[in-house]
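Some notes on the structure that comes next.
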Amino acid sequence: MKRTTLFCLVSAILGALAATAWHQTASQRQATAQERGSLLRSIETPPPPLPPARRPAAGPPTADPRLSTSAFPSGLDEFAPEERTNILVYEKANRSVVHITTKSTQRELLILEGTAEGAGSGSVLDKAGHILTNYHVVDGAQEIRVTLHSGDSYEGSIVGYDPPNDMAVVKINASAEELVPIELGDSSRLRVGQIVYAIGNPFGLERTMTTGIISSLNRSLPGKGGRTMKSMIQIDAALNRGNSGGPLLDTRGRLIGMNTAIASSTGENTGVGFAIPVDAVKRVVPQLIATGRVTRPEAGISRVYQTEQGLVIATLTTGGPAERAGLRGFRIVREQKRRGPFTYEERHIDRSQADTVVAVDGEKATTADAFLSLIERHRPGEQAIITVLRSGQVVEVPVTLSAAE
């Protein structure tokens with residue numbers, strides 16, 4: 001009896017211990033499962049979004065405010081950034097571009113007369129109706145018609161022109177409300193590779209835009225009267241007949257050049273076009289509007305001979321700036337000779353004392369055209385430093401320029 005009681009007591013104790021152990025194991029399993037579930041949720045479920053960062057107060061705009069999308073209908077954001085730039089440039093500048101058509105009379109064999117028609121482009125300069133275009137667009141025209149973006153056409157008259165720079169200004173009598181002047185940029189800061197836009201009227205297709213890049217800078221092209229056009233912008237944007245005189249624009253829709261010529265053996269676009277830089281336009285156009293012509297500075301050197309050393313001065317303008325400054329040209333030597341009862345005068349040219357021009361304002365002048373271009377950077381009344389070789393010595397001579405007649 002005692003053994004049975006002891007056995008039951010031991011069994012009860014062992015059962016209690018087993019139940020306790022099982023309960024602890026189940027609790028541990030549940031805690032582990034909860035930890036795993038919590039960890040799984042932390043991996044699968046993204047954390048709650050952070051509150052939006054507070055934006056700094058808006059500062060001054062970094063881009064031209066006139067190219068803001070707020071100025072145009074909604075839906076512009078569906079385009080790529082480059083496409084948006086193209087659209088905004090066109091929207092800003094196209095109303096400033098005009099279509100110019102001309103008529104002139106041609107004679108054949110001094111008997112028959114025919115009418116020749118021409119076409120080109122131009123840019124509105126101001127609310128007074130001044131239009132910028134190429135000289136070759138209106139050269140010899142008896143009739144000029146200017147068509148605005150609205151489709152209205154006006155008769156144009158030439159205010160002034162400058163053939164060496166291939167520039168002309170035409171005026172129309174349109175209301176100020178119809179005229180949208182183009183914004184002028186800065187061509188001194190241009191870079192090769194910069195994106196550019198050309199708007200014009202190729203083949204009479206009004207206000208057509210093409211795009212490309214600046215291929216090179218400071219190109220030279222032959223101009224009127226044997227002069228060379230300097231600092232030309234070379235572009236690969238498509239230009240064709242009718243683009244002449246139209247604007248070349250930057251990505252802010254500002255005029256940085258005037259499209260002028262293409263390099264082509266067929267007369268059609270080959271990917272090499274040229275534009276006059278806007279800084280030259282800024283220098284020339286105010287004179288054309290004010291006086292109808294360009295007043296160029298004059299150094300008073302009328303003839304030179306090009307040599308390997310530089311430009312030998314042959315003749316100077318009598319009483320001109322160079323002569324007053326002390327520059328020397330060829331000298332005519334007169335000698336009295338006697339033969340028998342007769343006395344006569346013999347003349348010969350002494351070249352030994354002539355100055356040789358090598359530079360203007362520190363820049364080399366190896367040709368007559370280069371010399372003129374350097375002089376024309378100044379205005380009448382300004383001083384140019386002309387460097388010459390004189391008797392084997394380098395001499396700098398300040399010359400106060402006068403106005404060319």
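Please note that chains go A, B, ... in the order of the structure tokens, that every chain numbers its residues from 1, and that ligands are numbered from 1 in the order shown.
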
Quick one: pick out all alpha helix (DSSP H) residues within region 205-320 of chain A from a backbone DSSP run and write them as an NGL selection string.
-> :A and (278-291)

Got time to write the residues from that selection, all heavy atoms, as a tab-separated table (two decimals), in the first residue's frame?
chain	number	residue	atom	x	y	z
A	278	VAL	N	26.01	88.84	-83.27
A	278	VAL	CA	25.13	89.93	-82.86
A	278	VAL	C	25.93	91.12	-82.34
A	278	VAL	O	25.44	92.26	-82.41
A	278	VAL	CB	24.13	89.43	-81.80
A	278	VAL	CG1	24.82	89.17	-80.46
A	278	VAL	CG2	23.00	90.45	-81.60
A	279	ASP	N	27.14	90.91	-81.84
A	279	ASP	CA	27.93	92.06	-81.39
A	279	ASP	C	28.27	92.99	-82.55
A	279	ASP	O	28.35	94.21	-82.36
A	279	ASP	CB	29.21	91.58	-80.70
A	279	ASP	CG	28.93	90.99	-79.33
A	279	ASP	OD1	27.76	90.99	-78.91
A	279	ASP	OD2	29.88	90.50	-78.67
A	280	ALA	N	28.47	92.44	-83.74
A	280	ALA	CA	28.68	93.28	-84.92
A	280	ALA	C	27.39	94.02	-85.28
A	280	ALA	O	27.42	95.19	-85.69
A	280	ALA	CB	29.15	92.44	-86.11
A	281	VAL	N	26.26	93.36	-85.11
A	281	VAL	CA	24.96	94.01	-85.36
A	281	VAL	C	24.77	95.19	-84.41
A	281	VAL	O	24.35	96.28	-84.81
A	281	VAL	CB	23.82	92.99	-85.18
A	281	VAL	CG1	22.45	93.68	-85.25
A	281	VAL	CG2	23.91	91.89	-86.24
A	282	LYS	N	25.10	94.99	-83.14
A	282	LYS	CA	24.96	96.06	-82.15
A	282	LYS	C	25.84	97.26	-82.50
A	282	LYS	O	25.50	98.40	-82.20
A	282	LYS	CB	25.34	95.55	-80.76
A	282	LYS	CG	24.39	94.53	-80.18
A	282	LYS	CD	24.92	94.05	-78.83
A	282	LYS	CE	24.05	92.99	-78.21
A	282	LYS	NZ	24.61	92.50	-76.93
A	283	ARG	N	26.98	97.00	-83.12
A	283	ARG	CA	27.90	98.08	-83.46
A	283	ARG	C	27.46	98.84	-84.70
A	283	ARG	O	27.62	100.06	-84.79
A	283	ARG	CB	29.30	97.49	-83.68
A	283	ARG	CG	30.39	98.52	-83.90
A	283	ARG	CD	31.77	97.90	-83.98
A	283	ARG	NE	31.92	97.02	-85.14
A	283	ARG	CZ	31.99	95.69	-85.08
A	283	ARG	NH1	31.90	95.08	-83.91
A	283	ARG	NH2	32.12	94.97	-86.17
A	284	VAL	N	26.89	98.15	-85.67
A	284	VAL	CA	26.59	98.75	-86.97
A	284	VAL	C	25.18	99.33	-87.04
A	284	VAL	O	24.98	100.44	-87.54
A	284	VAL	CB	26.79	97.71	-88.10
A	284	VAL	CG1	26.27	98.22	-89.43
A	284	VAL	CG2	28.27	97.33	-88.20
A	285	VAL	N	24.18	98.60	-86.55
A	285	VAL	CA	22.78	98.98	-86.75
A	285	VAL	C	22.43	100.35	-86.18
A	285	VAL	O	21.73	101.13	-86.84
A	285	VAL	CB	21.85	97.89	-86.19
A	285	VAL	CG1	20.42	98.41	-86.03
A	285	VAL	CG2	21.86	96.68	-87.13
A	286	PRO	N	22.88	100.72	-84.97
A	286	PRO	CA	22.54	102.08	-84.49
A	286	PRO	C	23.00	103.18	-85.44
A	286	PRO	O	22.31	104.20	-85.60
A	286	PRO	CB	23.26	102.16	-83.14
A	286	PRO	CG	23.36	100.74	-82.69
A	286	PRO	CD	23.59	99.94	-83.93
A	287	GLN	N	24.15	102.98	-86.09
A	287	GLN	CA	24.62	103.98	-87.05
A	287	GLN	C	23.73	104.00	-88.30
A	287	GLN	O	23.43	105.06	-88.84
A	287	GLN	CB	26.06	103.68	-87.46
A	287	GLN	CG	27.06	103.78	-86.33
A	287	GLN	CD	28.49	103.61	-86.81
A	287	GLN	OE1	28.98	104.38	-87.63
A	287	GLN	NE2	29.15	102.58	-86.30
A	288	LEU	N	23.29	102.83	-88.74
A	288	LEU	CA	22.43	102.77	-89.93
A	288	LEU	C	21.10	103.46	-89.66
A	288	LEU	O	20.56	104.16	-90.52
A	288	LEU	CB	22.20	101.31	-90.34
A	288	LEU	CG	23.42	100.52	-90.80
A	288	LEU	CD1	23.02	99.11	-91.22
A	288	LEU	CD2	24.14	101.23	-91.94
A	289	ILE	N	20.53	103.26	-88.47
A	289	ILE	CA	19.26	103.89	-88.14
A	289	ILE	C	19.44	105.40	-88.00
A	289	ILE	O	18.57	106.19	-88.42
A	289	ILE	CB	18.68	103.28	-86.85
A	289	ILE	CG1	18.30	101.81	-87.10
A	289	ILE	CG2	17.47	104.07	-86.36
A	289	ILE	CD1	17.80	101.09	-85.86
A	290	ALA	N	20.55	105.82	-87.43
A	290	ALA	CA	20.76	107.26	-87.17
A	290	ALA	C	21.14	108.03	-88.42
A	290	ALA	O	20.62	109.14	-88.65
A	290	ALA	CB	21.83	107.43	-86.09
A	291	THR	N	22.03	107.48	-89.24
A	291	THR	CA	22.57	108.25	-90.37
A	291	THR	C	22.42	107.55	-91.72
A	291	THR	O	22.69	108.15	-92.75
A	291	THR	CB	24.06	108.55	-90.15
A	291	THR	OG1	24.81	107.31	-90.16
A	291	THR	CG2	24.29	109.25	-88.82

Would you give me, as a PyMOL selection string, the residues in region 184-379 of chain A that DSSP reads as strand (DSSP E)?
-> chain A and resi 195-200+208-222+228-235+247-249+255-262+273-277+297-298+301-306+311-316+331-339+342-350+356-360+363-364

Restricting the calculation to only C-alpha atoms, which member of A:Thr356, A:Asn243, A:Thr366, A:Gln383 is positioned closest to Pro321 (chain A)?
->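 Nearest to Pro321 (chain A): A:Gln383.
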
Which is closest to Gly392 (chain A) among A:Asp355, A:Leu374, A:Ala116, A:Thr315, if we use only C-alpha atoms?
->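 Between A:Asp355, A:Leu374, A:Ala116, A:Thr315, the residue approaching Gly392 (chain A) most closely is A:Asp355.
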
Considering only C-alpha atoms, state which residue in the set A:Tyr197, A:Phe342, A:Tyr135, A:Phe371 is at the smallest distance from Gly223 (chain A).
-> A:Tyr135

Set the distance at 9 Å and use only C-alpha atoms: which residues neighbour region 323-331 of chain A once local chain neighbours fewer than 6 positions away are removed? I'd like the list as a PDB file with N, CA, C and O atoms, in the first residue's frame.
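Result file follows (part.pdb):
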ATOM      1  N   GLY A 300      44.598 107.156 -91.942  1.00  0.00           N
ATOM      2  CA  GLY A 300      45.367 108.045 -92.805  1.00  0.00           C
ATOM      3  C   GLY A 300      46.510 107.360 -93.526  1.00  0.00           C
ATOM      4  O   GLY A 300      47.411 108.039 -94.025  1.00  0.00           O
ATOM      5  N   ILE A 301      46.464 106.034 -93.602  1.00  0.00           N
ATOM      6  CA  ILE A 301      47.450 105.283 -94.396  1.00  0.00           C
ATOM      7  C   ILE A 301      46.733 104.836 -95.671  1.00  0.00           C
ATOM      8  O   ILE A 301      45.837 103.994 -95.625  1.00  0.00           O
ATOM      9  N   VAL A 304      49.773 100.502 -98.835  1.00  0.00           N
ATOM     10  CA  VAL A 304      50.840  99.714 -98.209  1.00  0.00           C
ATOM     11  C   VAL A 304      51.265  98.605 -99.165  1.00  0.00           C
ATOM     12  O   VAL A 304      50.534  98.242-100.095  1.00  0.00           O
ATOM     13  N   VAL A 312      54.591  97.522 -95.449  1.00  0.00           N
ATOM     14  CA  VAL A 312      55.415  98.709 -95.661  1.00  0.00           C
ATOM     15  C   VAL A 312      54.519  99.856 -96.098  1.00  0.00           C
ATOM     16  O   VAL A 312      53.752  99.735 -97.069  1.00  0.00           O
ATOM     17  N   ILE A 313      54.592 100.980 -95.387  1.00  0.00           N
ATOM     18  CA  ILE A 313      53.757 102.143 -95.703  1.00  0.00           C
ATOM     19  C   ILE A 313      54.311 102.821 -96.952  1.00  0.00           C
ATOM     20  O   ILE A 313      55.472 103.244 -96.986  1.00  0.00           O
ATOM     21  N   ALA A 314      53.476 102.921 -97.982  1.00  0.00           N
ATOM     22  CA  ALA A 314      53.895 103.579 -99.219  1.00  0.00           C
ATOM     23  C   ALA A 314      53.499 105.051 -99.198  1.00  0.00           C
ATOM     24  O   ALA A 314      54.344 105.931 -99.362  1.00  0.00           O
ATOM     25  N   THR A 315      52.211 105.314 -98.993  1.00  0.00           N
ATOM     26  CA  THR A 315      51.747 106.705 -99.001  1.00  0.00           C
ATOM     27  C   THR A 315      50.832 106.971 -97.817  1.00  0.00           C
ATOM     28  O   THR A 315      50.103 106.082 -97.352  1.00  0.00           O
ATOM     29  N   LEU A 316      50.865 108.177 -97.347  1.00  0.00           N
ATOM     30  CA  LEU A 316      50.013 108.648 -96.257  1.00  0.00           C
ATOM     31  C   LEU A 316      49.086 109.734 -96.770  1.00  0.00           C
ATOM     32  O   LEU A 316      49.424 110.472 -97.702  1.00  0.00           O
ATOM     33  N   THR A 317      47.919 109.846 -96.163  1.00  0.00           N
ATOM     34  CA  THR A 317      46.997 110.926 -96.487  1.00  0.00           C
ATOM     35  C   THR A 317      47.580 112.238 -95.971  1.00  0.00           C
ATOM     36  O   THR A 317      47.952 112.339 -94.790  1.00  0.00           O
ATOM     37  N   HIS A 348      63.289 110.480-107.567  1.00  0.00           N
ATOM     38  CA  HIS A 348      63.291 109.044-107.303  1.00  0.00           C
ATOM     39  C   HIS A 348      62.708 108.807-105.913  1.00  0.00           C
ATOM     40  O   HIS A 348      62.646 109.728-105.079  1.00  0.00           O
ATOM     41  N   ILE A 349      62.269 107.599-105.685  1.00  0.00           N
ATOM     42  CA  ILE A 349      61.583 107.254-104.438  1.00  0.00           C
ATOM     43  C   ILE A 349      62.582 106.618-103.477  1.00  0.00           C
ATOM     44  O   ILE A 349      63.256 105.647-103.816  1.00  0.00           O
ATOM     45  N   ASP A 350      62.624 107.172-102.286  1.00  0.00           N
ATOM     46  CA  ASP A 350      63.471 106.628-101.226  1.00  0.00           C
ATOM     47  C   ASP A 350      62.606 105.757-100.306  1.00  0.00           C
ATOM     48  O   ASP A 350      61.748 106.261 -99.570  1.00  0.00           O
ATOM     49  N   ARG A 351      62.817 104.460-100.363  1.00  0.00           N
ATOM     50  CA  ARG A 351      62.039 103.519 -99.547  1.00  0.00           C
ATOM     51  C   ARG A 351      62.724 103.196 -98.223  1.00  0.00           C
ATOM     52  O   ARG A 351      62.154 102.491 -97.386  1.00  0.00           O
ATOM     53  N   SER A 352      63.917 103.636 -98.039  1.00  0.00           N
ATOM     54  CA  SER A 352      64.713 103.217 -96.880  1.00  0.00           C
ATOM     55  C   SER A 352      64.174 103.734 -95.557  1.00  0.00           C
ATOM     56  O   SER A 352      64.405 103.131 -94.507  1.00  0.00           O
ATOM     57  N   GLN A 353      63.443 104.838 -95.566  1.00  0.00           N
ATOM     58  CA  GLN A 353      62.959 105.442 -94.319  1.00  0.00           C
ATOM     59  C   GLN A 353      61.510 105.081 -93.998  1.00  0.00           C
ATOM     60  O   GLN A 353      60.987 105.536 -92.982  1.00  0.00           O
ATOM     61  N   ALA A 354      60.854 104.288 -94.844  1.00  0.00           N
ATOM     62  CA  ALA A 354      59.436 103.963 -94.635  1.00  0.00           C
ATOM     63  C   ALA A 354      59.253 103.025 -93.445  1.00  0.00           C
ATOM     64  O   ALA A 354      60.037 102.090 -93.232  1.00  0.00           O
ATOM     65  N   ASP A 355      58.205 103.273 -92.678  1.00  0.00           N
ATOM     66  CA  ASP A 355      57.859 102.388 -91.553  1.00  0.00           C
ATOM     67  C   ASP A 355      57.175 101.129 -92.077  1.00  0.00           C
ATOM     68  O   ASP A 355      56.475 101.151 -93.099  1.00  0.00           O
ATOM     69  N   THR A 356      57.350 100.036 -91.324  1.00  0.00           N
ATOM     70  CA  THR A 356      56.679  98.775 -91.634  1.00  0.00           C
ATOM     71  C   THR A 356      55.736  98.431 -90.497  1.00  0.00           C
ATOM     72  O   THR A 356      56.170  98.191 -89.364  1.00  0.00           O
ATOM     73  N   VAL A 388      55.318  99.639 -85.387  1.00  0.00           N
ATOM     74  CA  VAL A 388      56.044  99.620 -86.667  1.00  0.00           C
ATOM     75  C   VAL A 388      57.510  99.247 -86.423  1.00  0.00           C
ATOM     76  O   VAL A 388      58.038  99.380 -85.307  1.00  0.00           O
ATOM     77  N   ARG A 390      61.091 100.463 -87.492  1.00  0.00           N
ATOM     78  CA  ARG A 390      61.708 101.686 -88.013  1.00  0.00           C
ATOM     79  C   ARG A 390      63.223 101.583 -87.792  1.00  0.00           C
ATOM     80  O   ARG A 390      63.675 101.561 -86.645  1.00  0.00           O
ATOM     81  N   VAL A 397      53.447 103.711 -82.011  1.00  0.00           N
ATOM     82  CA  VAL A 397      53.025 105.074 -82.327  1.00  0.00           C
ATOM     83  C   VAL A 397      51.525 105.211 -82.050  1.00  0.00           C
ATOM     84  O   VAL A 397      50.709 104.541 -82.688  1.00  0.00           O
ATOM     85  N   PRO A 398      51.124 106.045 -81.098  1.00  0.00           N
ATOM     86  CA  PRO A 398      49.688 106.280 -80.876  1.00  0.00           C
ATOM     87  C   PRO A 398      49.120 107.183 -81.974  1.00  0.00           C
ATOM     88  O   PRO A 398      49.678 108.249 -82.263  1.00  0.00           O
ATOM     89  N   VAL A 399      48.015 106.747 -82.571  1.00  0.00           N
ATOM     90  CA  VAL A 399      47.390 107.486 -83.667  1.00  0.00           C
ATOM     91  C   VAL A 399      45.934 107.758 -83.290  1.00  0.00           C
ATOM     92  O   VAL A 399      45.180 106.832 -83.022  1.00  0.00           O
ATOM     93  N   THR A 400      45.549 109.024 -83.270  1.00  0.00           N
ATOM     94  CA  THR A 400      44.149 109.399 -83.017  1.00  0.00           C
ATOM     95  C   THR A 400      43.389 109.350 -84.336  1.00  0.00           C
ATOM     96  O   THR A 400      43.671 110.101 -85.272  1.00  0.00           O
TER      97      THR A 400
END

Would you work out the distance separating CA of Lys127 (chain A) from CA of Val170 (chain A), expressed in Å to one decimal?
->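 Separating CA of Lys127 (chain A) from CA of Val170 (chain A) is a distance of 13.0 Å.
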
Smallest atom-to-atom distance to Ala275 (chain A): which of A:Val97, A:Ala261, A:Ile386, A:Ala176, using only C-alpha atoms?
-> A:Ala261

Long-range neighbours of Leu179 (chain A) as a list in words, 9 Å cut-off, only C-alpha atoms, 2 positions minimum in chain = Arg95, Ser96, Val124, Leu125, Asp126, Lys127, Ala128, Gly129, Leu148, His149, Ala174, Ser175, Ala176, Glu177 and Pro181 of chain A

Store the residues picked out above in a file with C-alpha atoms, as a PDB file, in the first residue's frame.
ATOM      1  CA  ARG A  95       6.623  86.326 -83.967  1.00  0.00           C
ATOM      2  CA  SER A  96       9.737  88.490 -84.317  1.00  0.00           C
ATOM      3  CA  VAL A 124      11.955  92.996 -85.890  1.00  0.00           C
ATOM      4  CA  LEU A 125      14.288  95.329 -84.000  1.00  0.00           C
ATOM      5  CA  ASP A 126      11.887  97.745 -82.325  1.00  0.00           C
ATOM      6  CA  LYS A 127       8.330  99.049 -82.102  1.00  0.00           C
ATOM      7  CA  ALA A 128       9.185 101.787 -84.611  1.00  0.00           C
ATOM      8  CA  GLY A 129       9.180  99.209 -87.430  1.00  0.00           C
ATOM      9  CA  LEU A 148       4.651  89.865 -90.302  1.00  0.00           C
ATOM     10  CA  HIS A 149       3.696  86.808 -88.243  1.00  0.00           C
ATOM     11  CA  ALA A 174       3.105  98.968 -88.921  1.00  0.00           C
ATOM     12  CA  SER A 175       1.354  99.614 -85.631  1.00  0.00           C
ATOM     13  CA  ALA A 176       3.380  99.023 -82.477  1.00  0.00           C
ATOM     14  CA  GLU A 177       0.886  96.350 -81.354  1.00  0.00           C
ATOM     15  CA  PRO A 181      10.970  93.046 -81.175  1.00  0.00           C
TER      16      PRO A 181
END
